[in-house]
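Participant: My structure is in start-v1.cif, and what it holds is mmCIF, N, CA and C atoms:
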data_model
loop_
_atom_site.label_atom_id
_atom_site.label_comp_id
_atom_site.auth_asym_id
_atom_site.auth_seq_id
_atom_site.Cartn_x
_atom_site.Cartn_y
_atom_site.Cartn_z
N MET A 115 6.49 9.46 -36.20
CA MET A 115 6.21 8.70 -35.00
C MET A 115 7.11 9.20 -33.87
N ALA A 116 6.54 9.39 -32.68
CA ALA A 116 7.28 9.91 -31.54
C ALA A 116 8.26 8.86 -31.01
N LYS A 117 9.40 9.35 -30.57
CA LYS A 117 10.41 8.45 -30.01
C LYS A 117 9.96 7.97 -28.63
N GLU A 118 10.05 6.67 -28.40
CA GLU A 118 9.67 6.09 -27.12
C GLU A 118 10.67 6.51 -26.04
N GLU A 119 10.17 7.03 -24.93
CA GLU A 119 11.03 7.48 -23.84
C GLU A 119 11.42 6.28 -22.98
N LEU A 120 12.71 6.01 -22.91
CA LEU A 120 13.19 4.87 -22.13
C LEU A 120 13.24 5.23 -20.65
N ILE A 121 13.11 4.20 -19.82
CA ILE A 121 13.14 4.35 -18.37
C ILE A 121 14.47 3.79 -17.88
N GLU A 122 15.21 4.61 -17.14
CA GLU A 122 16.51 4.17 -16.63
C GLU A 122 16.31 3.63 -15.21
N LEU A 123 16.71 2.36 -15.03
CA LEU A 123 16.52 1.67 -13.76
C LEU A 123 17.83 1.10 -13.24
N LYS A 124 17.92 1.04 -11.92
CA LYS A 124 18.96 0.23 -11.29
C LYS A 124 18.26 -0.59 -10.22
N PHE A 125 18.88 -1.71 -9.88
CA PHE A 125 18.28 -2.65 -8.95
C PHE A 125 19.15 -2.75 -7.71
N ARG A 126 18.60 -2.38 -6.56
CA ARG A 126 19.34 -2.37 -5.29
C ARG A 126 19.18 -3.73 -4.62
N LEU A 127 20.31 -4.38 -4.37
CA LEU A 127 20.32 -5.69 -3.73
C LEU A 127 20.31 -5.53 -2.22
N PHE A 128 20.11 -6.63 -1.50
CA PHE A 128 19.96 -6.62 -0.05
C PHE A 128 21.16 -6.04 0.69
N ASP A 129 22.34 -6.11 0.09
CA ASP A 129 23.54 -5.61 0.77
C ASP A 129 23.89 -4.17 0.37
N GLY A 130 23.01 -3.54 -0.40
CA GLY A 130 23.24 -2.15 -0.80
C GLY A 130 23.94 -1.98 -2.12
N THR A 131 24.41 -3.06 -2.74
CA THR A 131 25.03 -2.95 -4.05
C THR A 131 23.95 -2.88 -5.12
N ASP A 132 24.34 -2.44 -6.30
CA ASP A 132 23.37 -2.25 -7.38
C ASP A 132 23.73 -3.07 -8.61
N ILE A 133 22.70 -3.43 -9.36
CA ILE A 133 22.84 -3.94 -10.72
C ILE A 133 22.30 -2.83 -11.61
N GLY A 134 23.10 -2.40 -12.56
CA GLY A 134 22.68 -1.31 -13.43
C GLY A 134 23.39 -0.04 -13.05
N PRO A 135 22.95 1.07 -13.59
CA PRO A 135 21.68 1.31 -14.28
C PRO A 135 21.71 0.92 -15.76
N ASN A 136 20.51 0.62 -16.27
CA ASN A 136 20.29 0.32 -17.68
C ASN A 136 18.98 0.96 -18.09
N LYS A 137 18.80 1.16 -19.39
CA LYS A 137 17.56 1.77 -19.91
C LYS A 137 16.66 0.69 -20.49
N TYR A 138 15.35 0.85 -20.21
CA TYR A 138 14.36 -0.14 -20.63
C TYR A 138 13.17 0.57 -21.27
N SER A 139 12.53 -0.14 -22.18
CA SER A 139 11.30 0.35 -22.80
C SER A 139 10.17 0.26 -21.78
N PRO A 140 9.20 1.17 -21.83
CA PRO A 140 8.04 1.07 -20.94
C PRO A 140 7.23 -0.21 -21.17
N THR A 141 7.45 -0.89 -22.30
CA THR A 141 6.73 -2.14 -22.58
C THR A 141 7.44 -3.37 -22.02
N THR A 142 8.59 -3.18 -21.38
CA THR A 142 9.33 -4.28 -20.76
C THR A 142 8.53 -4.81 -19.57
N THR A 143 8.40 -6.14 -19.49
CA THR A 143 7.67 -6.73 -18.37
C THR A 143 8.57 -6.91 -17.15
N VAL A 144 7.94 -7.00 -15.99
CA VAL A 144 8.65 -7.24 -14.74
C VAL A 144 9.37 -8.59 -14.82
N GLY A 145 8.73 -9.58 -15.43
CA GLY A 145 9.36 -10.89 -15.59
C GLY A 145 10.66 -10.81 -16.38
N THR A 146 10.69 -9.98 -17.41
CA THR A 146 11.90 -9.78 -18.21
C THR A 146 12.98 -9.11 -17.37
N LEU A 147 12.60 -8.14 -16.54
CA LEU A 147 13.56 -7.50 -15.65
C LEU A 147 14.17 -8.51 -14.68
N LYS A 148 13.33 -9.41 -14.16
CA LYS A 148 13.82 -10.43 -13.23
C LYS A 148 14.81 -11.37 -13.92
N GLU A 149 14.55 -11.72 -15.19
CA GLU A 149 15.48 -12.55 -15.94
C GLU A 149 16.83 -11.85 -16.10
N PHE A 150 16.79 -10.54 -16.37
CA PHE A 150 18.02 -9.75 -16.47
C PHE A 150 18.77 -9.76 -15.14
N ILE A 151 18.06 -9.53 -14.05
CA ILE A 151 18.68 -9.50 -12.72
C ILE A 151 19.33 -10.85 -12.41
N LEU A 152 18.61 -11.94 -12.69
CA LEU A 152 19.14 -13.28 -12.44
C LEU A 152 20.43 -13.51 -13.23
N ALA A 153 20.44 -13.07 -14.50
CA ALA A 153 21.64 -13.25 -15.35
C ALA A 153 22.80 -12.38 -14.87
N GLN A 154 22.52 -11.22 -14.29
CA GLN A 154 23.55 -10.28 -13.86
C GLN A 154 23.92 -10.43 -12.39
N TRP A 155 23.25 -11.34 -11.66
CA TRP A 155 23.48 -11.48 -10.23
C TRP A 155 24.95 -11.78 -9.96
N PRO A 156 25.60 -11.04 -9.04
CA PRO A 156 27.02 -11.28 -8.74
C PRO A 156 27.24 -12.71 -8.25
N LYS A 157 28.14 -13.42 -8.88
CA LYS A 157 28.38 -14.84 -8.56
C LYS A 157 29.02 -15.02 -7.19
N ASP A 158 29.65 -13.98 -6.64
CA ASP A 158 30.32 -14.11 -5.36
C ASP A 158 29.39 -13.92 -4.16
N LYS A 159 28.14 -13.57 -4.40
CA LYS A 159 27.19 -13.35 -3.29
C LYS A 159 26.56 -14.67 -2.87
N GLU A 160 26.51 -14.90 -1.56
CA GLU A 160 25.84 -16.09 -1.03
C GLU A 160 24.33 -15.89 -1.07
N ASN A 161 23.61 -16.97 -1.04
CA ASN A 161 22.15 -16.95 -0.98
C ASN A 161 21.51 -16.18 -2.13
N GLY A 162 22.09 -16.31 -3.31
CA GLY A 162 21.53 -15.66 -4.49
C GLY A 162 20.31 -16.42 -4.98
N PRO A 163 19.53 -15.80 -5.85
CA PRO A 163 18.34 -16.46 -6.38
C PRO A 163 18.71 -17.59 -7.34
N ARG A 164 17.88 -18.62 -7.35
CA ARG A 164 18.11 -19.74 -8.28
C ARG A 164 17.26 -19.58 -9.53
N THR A 165 16.06 -19.03 -9.36
CA THR A 165 15.13 -18.81 -10.48
C THR A 165 14.49 -17.44 -10.33
N VAL A 166 13.80 -16.99 -11.38
CA VAL A 166 13.12 -15.69 -11.30
C VAL A 166 12.02 -15.69 -10.25
N SER A 167 11.47 -16.85 -9.94
CA SER A 167 10.41 -16.90 -8.92
C SER A 167 10.97 -16.67 -7.51
N ASP A 168 12.29 -16.70 -7.36
CA ASP A 168 12.92 -16.39 -6.08
C ASP A 168 13.04 -14.89 -5.85
N LEU A 169 12.75 -14.10 -6.89
CA LEU A 169 12.93 -12.65 -6.83
C LEU A 169 11.61 -11.90 -6.70
N LYS A 170 11.63 -10.83 -5.95
CA LYS A 170 10.52 -9.88 -5.89
C LYS A 170 11.12 -8.51 -6.17
N LEU A 171 10.44 -7.73 -7.02
CA LEU A 171 10.86 -6.36 -7.29
C LEU A 171 9.89 -5.42 -6.60
N ILE A 172 10.44 -4.42 -5.93
CA ILE A 172 9.63 -3.46 -5.21
C ILE A 172 9.93 -2.07 -5.74
N ASN A 173 8.86 -1.35 -6.09
CA ASN A 173 9.00 0.03 -6.52
C ASN A 173 7.91 0.85 -5.85
N ALA A 174 8.30 1.94 -5.23
CA ALA A 174 7.37 2.84 -4.54
C ALA A 174 6.52 2.07 -3.52
N GLY A 175 7.15 1.10 -2.85
CA GLY A 175 6.47 0.35 -1.81
C GLY A 175 5.55 -0.75 -2.30
N LYS A 176 5.53 -1.02 -3.60
CA LYS A 176 4.64 -2.05 -4.15
C LYS A 176 5.45 -3.18 -4.77
N ILE A 177 5.00 -4.42 -4.51
CA ILE A 177 5.60 -5.58 -5.15
C ILE A 177 5.03 -5.65 -6.57
N LEU A 178 5.92 -5.71 -7.55
CA LEU A 178 5.50 -5.69 -8.95
C LEU A 178 5.21 -7.09 -9.46
N GLU A 179 4.15 -7.22 -10.25
CA GLU A 179 3.72 -8.51 -10.80
C GLU A 179 4.47 -8.81 -12.10
N ASN A 180 4.84 -10.08 -12.29
CA ASN A 180 5.66 -10.50 -13.43
C ASN A 180 5.08 -10.14 -14.79
N ASN A 181 3.77 -10.25 -14.96
CA ASN A 181 3.18 -10.07 -16.28
C ASN A 181 2.89 -8.61 -16.62
N ARG A 182 3.15 -7.69 -15.72
CA ARG A 182 2.87 -6.28 -15.96
C ARG A 182 4.07 -5.59 -16.58
N THR A 183 3.80 -4.59 -17.40
CA THR A 183 4.87 -3.81 -18.02
C THR A 183 5.25 -2.66 -17.09
N LEU A 184 6.38 -2.06 -17.39
CA LEU A 184 6.79 -0.89 -16.60
C LEU A 184 5.74 0.21 -16.69
N ALA A 185 5.17 0.40 -17.87
CA ALA A 185 4.13 1.42 -18.03
C ALA A 185 2.91 1.10 -17.17
N GLN A 186 2.50 -0.17 -17.12
CA GLN A 186 1.36 -0.57 -16.30
C GLN A 186 1.65 -0.43 -14.82
N CYS A 187 2.90 -0.59 -14.44
CA CYS A 187 3.29 -0.44 -13.03
C CYS A 187 3.43 1.03 -12.65
N ARG A 188 3.27 1.88 -13.64
CA ARG A 188 3.38 3.33 -13.44
C ARG A 188 4.74 3.74 -12.90
N VAL A 189 5.76 3.10 -13.44
CA VAL A 189 7.12 3.49 -13.08
C VAL A 189 7.34 4.86 -13.70
N PRO A 190 7.63 5.85 -12.88
CA PRO A 190 7.74 7.21 -13.41
C PRO A 190 8.95 7.38 -14.30
N VAL A 191 8.76 8.11 -15.39
CA VAL A 191 9.89 8.52 -16.21
C VAL A 191 10.50 9.72 -15.50
N GLN A 192 11.77 9.68 -15.28
CA GLN A 192 12.44 10.71 -14.49
C GLN A 192 12.26 12.08 -15.12
N GLU A 193 11.88 13.04 -14.31
CA GLU A 193 11.71 14.42 -14.79
C GLU A 193 13.06 15.12 -14.88
N ILE A 194 14.04 14.67 -14.13
CA ILE A 194 15.37 15.28 -14.15
C ILE A 194 16.22 14.49 -15.14
N ALA A 195 16.84 15.20 -16.07
CA ALA A 195 17.68 14.53 -17.05
C ALA A 195 18.76 13.72 -16.33
N GLY A 196 18.94 12.50 -16.75
CA GLY A 196 19.95 11.65 -16.15
C GLY A 196 19.51 10.98 -14.86
N GLY A 197 18.23 11.16 -14.48
CA GLY A 197 17.72 10.55 -13.25
C GLY A 197 17.53 9.05 -13.43
N VAL A 198 17.71 8.33 -12.34
CA VAL A 198 17.59 6.87 -12.37
C VAL A 198 16.58 6.45 -11.31
N THR A 199 15.67 5.55 -11.67
CA THR A 199 14.73 4.98 -10.71
C THR A 199 15.37 3.74 -10.09
N THR A 200 15.35 3.66 -8.76
CA THR A 200 15.90 2.50 -8.06
C THR A 200 14.77 1.57 -7.65
N MET A 201 14.86 0.31 -8.05
CA MET A 201 13.94 -0.72 -7.60
C MET A 201 14.69 -1.61 -6.62
N HIS A 202 14.00 -2.04 -5.59
CA HIS A 202 14.62 -2.91 -4.59
C HIS A 202 14.32 -4.36 -4.93
N VAL A 203 15.33 -5.20 -4.75
CA VAL A 203 15.23 -6.62 -5.06
C VAL A 203 15.22 -7.40 -3.75
N VAL A 204 14.21 -8.25 -3.59
CA VAL A 204 14.12 -9.13 -2.43
C VAL A 204 14.26 -10.56 -2.93
N VAL A 205 15.10 -11.32 -2.26
CA VAL A 205 15.32 -12.72 -2.63
C VAL A 205 14.64 -13.61 -1.61
N ARG A 206 13.80 -14.51 -2.10
CA ARG A 206 13.16 -15.49 -1.23
C ARG A 206 14.23 -16.47 -0.77
N PRO A 207 14.33 -16.70 0.56
CA PRO A 207 15.36 -17.63 1.03
C PRO A 207 15.08 -19.04 0.54
N PRO A 208 16.15 -19.81 0.31
CA PRO A 208 15.97 -21.19 -0.15
C PRO A 208 15.23 -22.02 0.88
N LEU A 209 14.48 -23.01 0.40
CA LEU A 209 13.70 -23.87 1.29
C LEU A 209 14.39 -25.19 1.58
N SER A 210 15.71 -25.22 1.46
CA SER A 210 16.43 -26.44 1.81
C SER A 210 17.64 -26.07 2.66
N ASP A 211 18.07 -27.04 3.47
CA ASP A 211 19.23 -26.77 4.32
C ASP A 211 20.51 -26.98 3.52
N LYS A 212 21.66 -26.78 4.14
CA LYS A 212 22.94 -26.87 3.46
C LYS A 212 23.23 -28.28 2.95
N ASN A 213 22.61 -29.29 3.55
CA ASN A 213 22.83 -30.68 3.14
C ASN A 213 21.85 -31.12 2.07
N GLY A 214 21.05 -30.19 1.55
CA GLY A 214 20.10 -30.53 0.49
C GLY A 214 18.78 -31.06 1.01
N GLY A 215 18.61 -31.12 2.33
CA GLY A 215 17.36 -31.61 2.89
C GLY A 215 16.25 -30.58 2.79
N ASP A 216 15.03 -31.06 2.72
CA ASP A 216 13.87 -30.17 2.62
C ASP A 216 13.49 -29.68 4.00
N ILE A 217 13.46 -28.37 4.17
CA ILE A 217 13.06 -27.79 5.46
C ILE A 217 11.81 -26.93 5.29
N SER A 218 11.01 -27.21 4.26
CA SER A 218 9.83 -26.38 3.99
C SER A 218 8.85 -26.39 5.15
N GLY A 219 8.86 -27.43 5.97
CA GLY A 219 7.96 -27.47 7.11
C GLY A 219 8.51 -26.80 8.36
N VAL A 220 9.77 -26.38 8.31
CA VAL A 220 10.41 -25.77 9.46
C VAL A 220 10.20 -24.26 9.40
N LYS A 221 9.85 -23.68 10.55
CA LYS A 221 9.65 -22.24 10.62
C LYS A 221 11.01 -21.54 10.59
N ASN A 222 11.18 -20.64 9.63
CA ASN A 222 12.41 -19.87 9.55
C ASN A 222 12.31 -18.67 10.45
N ASP A 223 13.40 -18.30 11.09
CA ASP A 223 13.46 -17.12 11.94
C ASP A 223 14.17 -16.04 11.14
N THR A 224 13.41 -15.12 10.56
CA THR A 224 13.95 -14.10 9.69
C THR A 224 14.14 -12.81 10.45
N CYS A 225 15.27 -12.19 10.27
CA CYS A 225 15.54 -10.90 10.91
C CYS A 225 15.22 -9.80 9.91
N ILE A 226 14.49 -8.80 10.34
CA ILE A 226 14.10 -7.69 9.49
C ILE A 226 14.61 -6.41 10.13
N ARG A 227 15.13 -5.51 9.32
CA ARG A 227 15.58 -4.22 9.82
C ARG A 227 14.77 -3.14 9.13
N LEU A 228 14.07 -2.34 9.93
CA LEU A 228 13.28 -1.23 9.42
C LEU A 228 13.94 0.06 9.84
N THR A 229 13.84 1.07 9.02
CA THR A 229 14.29 2.39 9.42
C THR A 229 13.08 3.30 9.42
N VAL A 230 12.76 3.81 10.59
CA VAL A 230 11.63 4.71 10.75
C VAL A 230 12.23 6.07 11.09
N GLY A 231 12.14 7.01 10.16
CA GLY A 231 12.83 8.27 10.36
C GLY A 231 14.32 7.98 10.40
N THR A 232 14.96 8.32 11.48
CA THR A 232 16.40 8.05 11.62
C THR A 232 16.66 6.96 12.65
N PHE A 233 15.61 6.25 13.08
CA PHE A 233 15.76 5.25 14.13
C PHE A 233 15.64 3.85 13.56
N PRO A 234 16.75 3.11 13.40
CA PRO A 234 16.65 1.74 12.90
C PRO A 234 16.07 0.81 13.97
N LEU A 235 15.20 -0.08 13.55
CA LEU A 235 14.61 -1.06 14.44
C LEU A 235 14.93 -2.44 13.90
N SER A 236 15.34 -3.36 14.76
CA SER A 236 15.58 -4.73 14.33
C SER A 236 14.77 -5.66 15.21
N PHE A 237 14.22 -6.70 14.60
CA PHE A 237 13.48 -7.69 15.36
C PHE A 237 13.47 -8.99 14.59
N SER A 238 13.15 -10.04 15.27
CA SER A 238 13.08 -11.36 14.69
C SER A 238 11.63 -11.67 14.36
N SER A 239 11.41 -12.44 13.30
CA SER A 239 10.04 -12.78 12.93
C SER A 239 9.34 -13.59 14.01
N SER A 240 10.12 -14.27 14.87
CA SER A 240 9.50 -15.03 15.95
C SER A 240 8.90 -14.08 16.99
N GLN A 241 9.36 -12.82 17.02
CA GLN A 241 8.80 -11.84 17.93
C GLN A 241 7.51 -11.24 17.38
N GLY A 242 7.35 -11.27 16.06
CA GLY A 242 6.19 -10.65 15.45
C GLY A 242 6.29 -9.13 15.49
N LEU A 243 5.29 -8.46 14.96
CA LEU A 243 5.28 -7.01 14.92
C LEU A 243 4.56 -6.40 16.11
N SER A 244 3.88 -7.21 16.90
CA SER A 244 3.05 -6.66 17.97
C SER A 244 3.86 -5.86 18.98
N HIS A 245 5.11 -6.26 19.24
CA HIS A 245 5.90 -5.50 20.21
C HIS A 245 6.31 -4.14 19.68
N LEU A 246 6.28 -3.94 18.35
CA LEU A 246 6.60 -2.65 17.77
C LEU A 246 5.39 -1.74 17.69
N PHE A 247 4.23 -2.32 17.33
CA PHE A 247 3.05 -1.53 17.05
C PHE A 247 1.94 -1.73 18.05
N GLY A 248 2.12 -2.57 19.03
CA GLY A 248 1.07 -2.86 20.01
C GLY A 248 0.14 -3.94 19.48
N ASN A 249 -0.69 -4.47 20.34
CA ASN A 249 -1.58 -5.58 19.96
C ASN A 249 -2.73 -5.13 19.10
N GLY A 250 -3.06 -3.83 19.08
CA GLY A 250 -4.22 -3.36 18.33
C GLY A 250 -3.96 -3.12 16.87
N HIS A 251 -2.72 -3.29 16.39
CA HIS A 251 -2.42 -2.98 14.98
C HIS A 251 -1.91 -4.16 14.24
#
Could you spell out this file's structure in structure tokens?

Facilitator:
Amino acid sequence: MAKEELIELKFRLFDGTDIGPNKYSPTTTVGTLKEFILAQWPKDKENGPRTVSDLKLINAGKILENNRTLAQCRVPVQEIAGGVTTMHVVVRPPLSDKNGGDISGVKNDTCIRLTVGTFPLSFSSSQGLSHLFGNGH
């Protein structure tokens, strides 16, 4: 029987720090990866995830679904020995204020930073994308 080729992954957090790298079977589900990330999340970071549903994993520009395996997500096995695939972790912001009140009906103003080529762009979600791409896009 052929030896199963493991996939080496690390998870890049919003501040540029990483969890991992670790090796996983191609049959590992995205949900299992999220459980690992939640368990390994640095305790000193503010606004960390509370549950796996607070996490989104992104690989090659695609949000990965919890019930899919790494093989189904077509996570490439590195062609270079010792290569590591980096997945980006996005944390859904909490829906309550600091006093425990529910703010689910309040519009959050999220700041997003994009890098296009070598030019970083920053804007607020209240501005929308139209000022970056024009009204036709």

Participant: For A:Ser139, find every residue with an atom within 6.5 Å (counting all atoms listed in the file), except residues of its own chain fewer than 4 positions away, and show them as a ChimeraX atom specification.

Facilitator: /A:119-121,184-185

Participant: Output N, CA and C atoms for every residue in that selection, as a compact mmCIF listing (two decimals), keeping the file's coordinate frame.

Facilitator:
# COMPACT_ATOMS: atom_id res chain seq x y z
N GLU A 119 10.17 7.03 -24.93
CA GLU A 119 11.03 7.48 -23.84
C GLU A 119 11.42 6.28 -22.98
N LEU A 120 12.71 6.01 -22.91
CA LEU A 120 13.19 4.87 -22.13
C LEU A 120 13.24 5.23 -20.65
N ILE A 121 13.11 4.20 -19.82
CA ILE A 121 13.14 4.35 -18.37
C ILE A 121 14.47 3.79 -17.88
N LEU A 184 6.38 -2.06 -17.39
CA LEU A 184 6.79 -0.89 -16.60
C LEU A 184 5.74 0.21 -16.69
N ALA A 185 5.17 0.40 -17.87
CA ALA A 185 4.13 1.42 -18.03
C ALA A 185 2.91 1.10 -17.17

Participant: Can you pull out the residues contacting A:Ile177? Cut-off 12 Å, using only C-alpha atoms, and skip same-chain residues under 3 positions away; I want them as an NGL selection string.

Facilitator: :A and (144 or 169-174 or 180 or 182 or 187 or 201-204)

Participant: Would you mind reading off the distance between atom CA of A:Pro156 and atom CA of A:Val205, one decimal, in Å?

Facilitator: 13.3 Å

Participant: Between atom C of A:Pro135 and atom C of A:Glu122, what is the spacing in Å?

Facilitator: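 Computed distance, atom C of A:Glu122 to atom C of A:Pro135, equals 6.1 Å.
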
Participant: List the residues selected by the PyMOL selection byres (((chain A and resi 164 and name CA) around 12) and name CA) in the file shown, writing them as a count of residues only.

Facilitator: 21

Participant: Using all atoms listed in the file, which of A:Glu118, A:Gln186, A:Val198, A:Asn181 sits nearest A:Asn136?

Facilitator: A:Val198

Participant: Take atom CA of A:Asp129 and atom CA of A:Lys159 and report the distance between them in Å, one decimal.

Facilitator: 9.5 Å

Participant: Could the centre and edge lengths of an axis-aligned box, enclosing all atoms of stretch 164-170 of chain A in the file with 3 Å extra on each side, be given in Å to one decimal as AutoDock Vina command-line options?

Facilitator:
--center_x 14.3 --center_y -14.1 --center_z -8.6 --size_x 13.7 --size_y 17.2 --size_z 11.5

Participant: Excluding same-chain residues fewer than 5 positions from A:Gly134, what lies within 6.5 Å of it counting only N, CA and C atoms, as a list of chain:residue names?

Facilitator: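 Near neighbours after the sequence-gap exclusion: A:Leu123, A:Lys124, A:Phe125.
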
Participant: Pick out the closest residue to A:Thr142 from this set: A:Thr200, A:Arg188, A:Arg126, A:Thr183. Count only N, CA and C atoms.

Facilitator: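 Residue with the minimum atom-to-atom distance to A:Thr142: A:Thr183.
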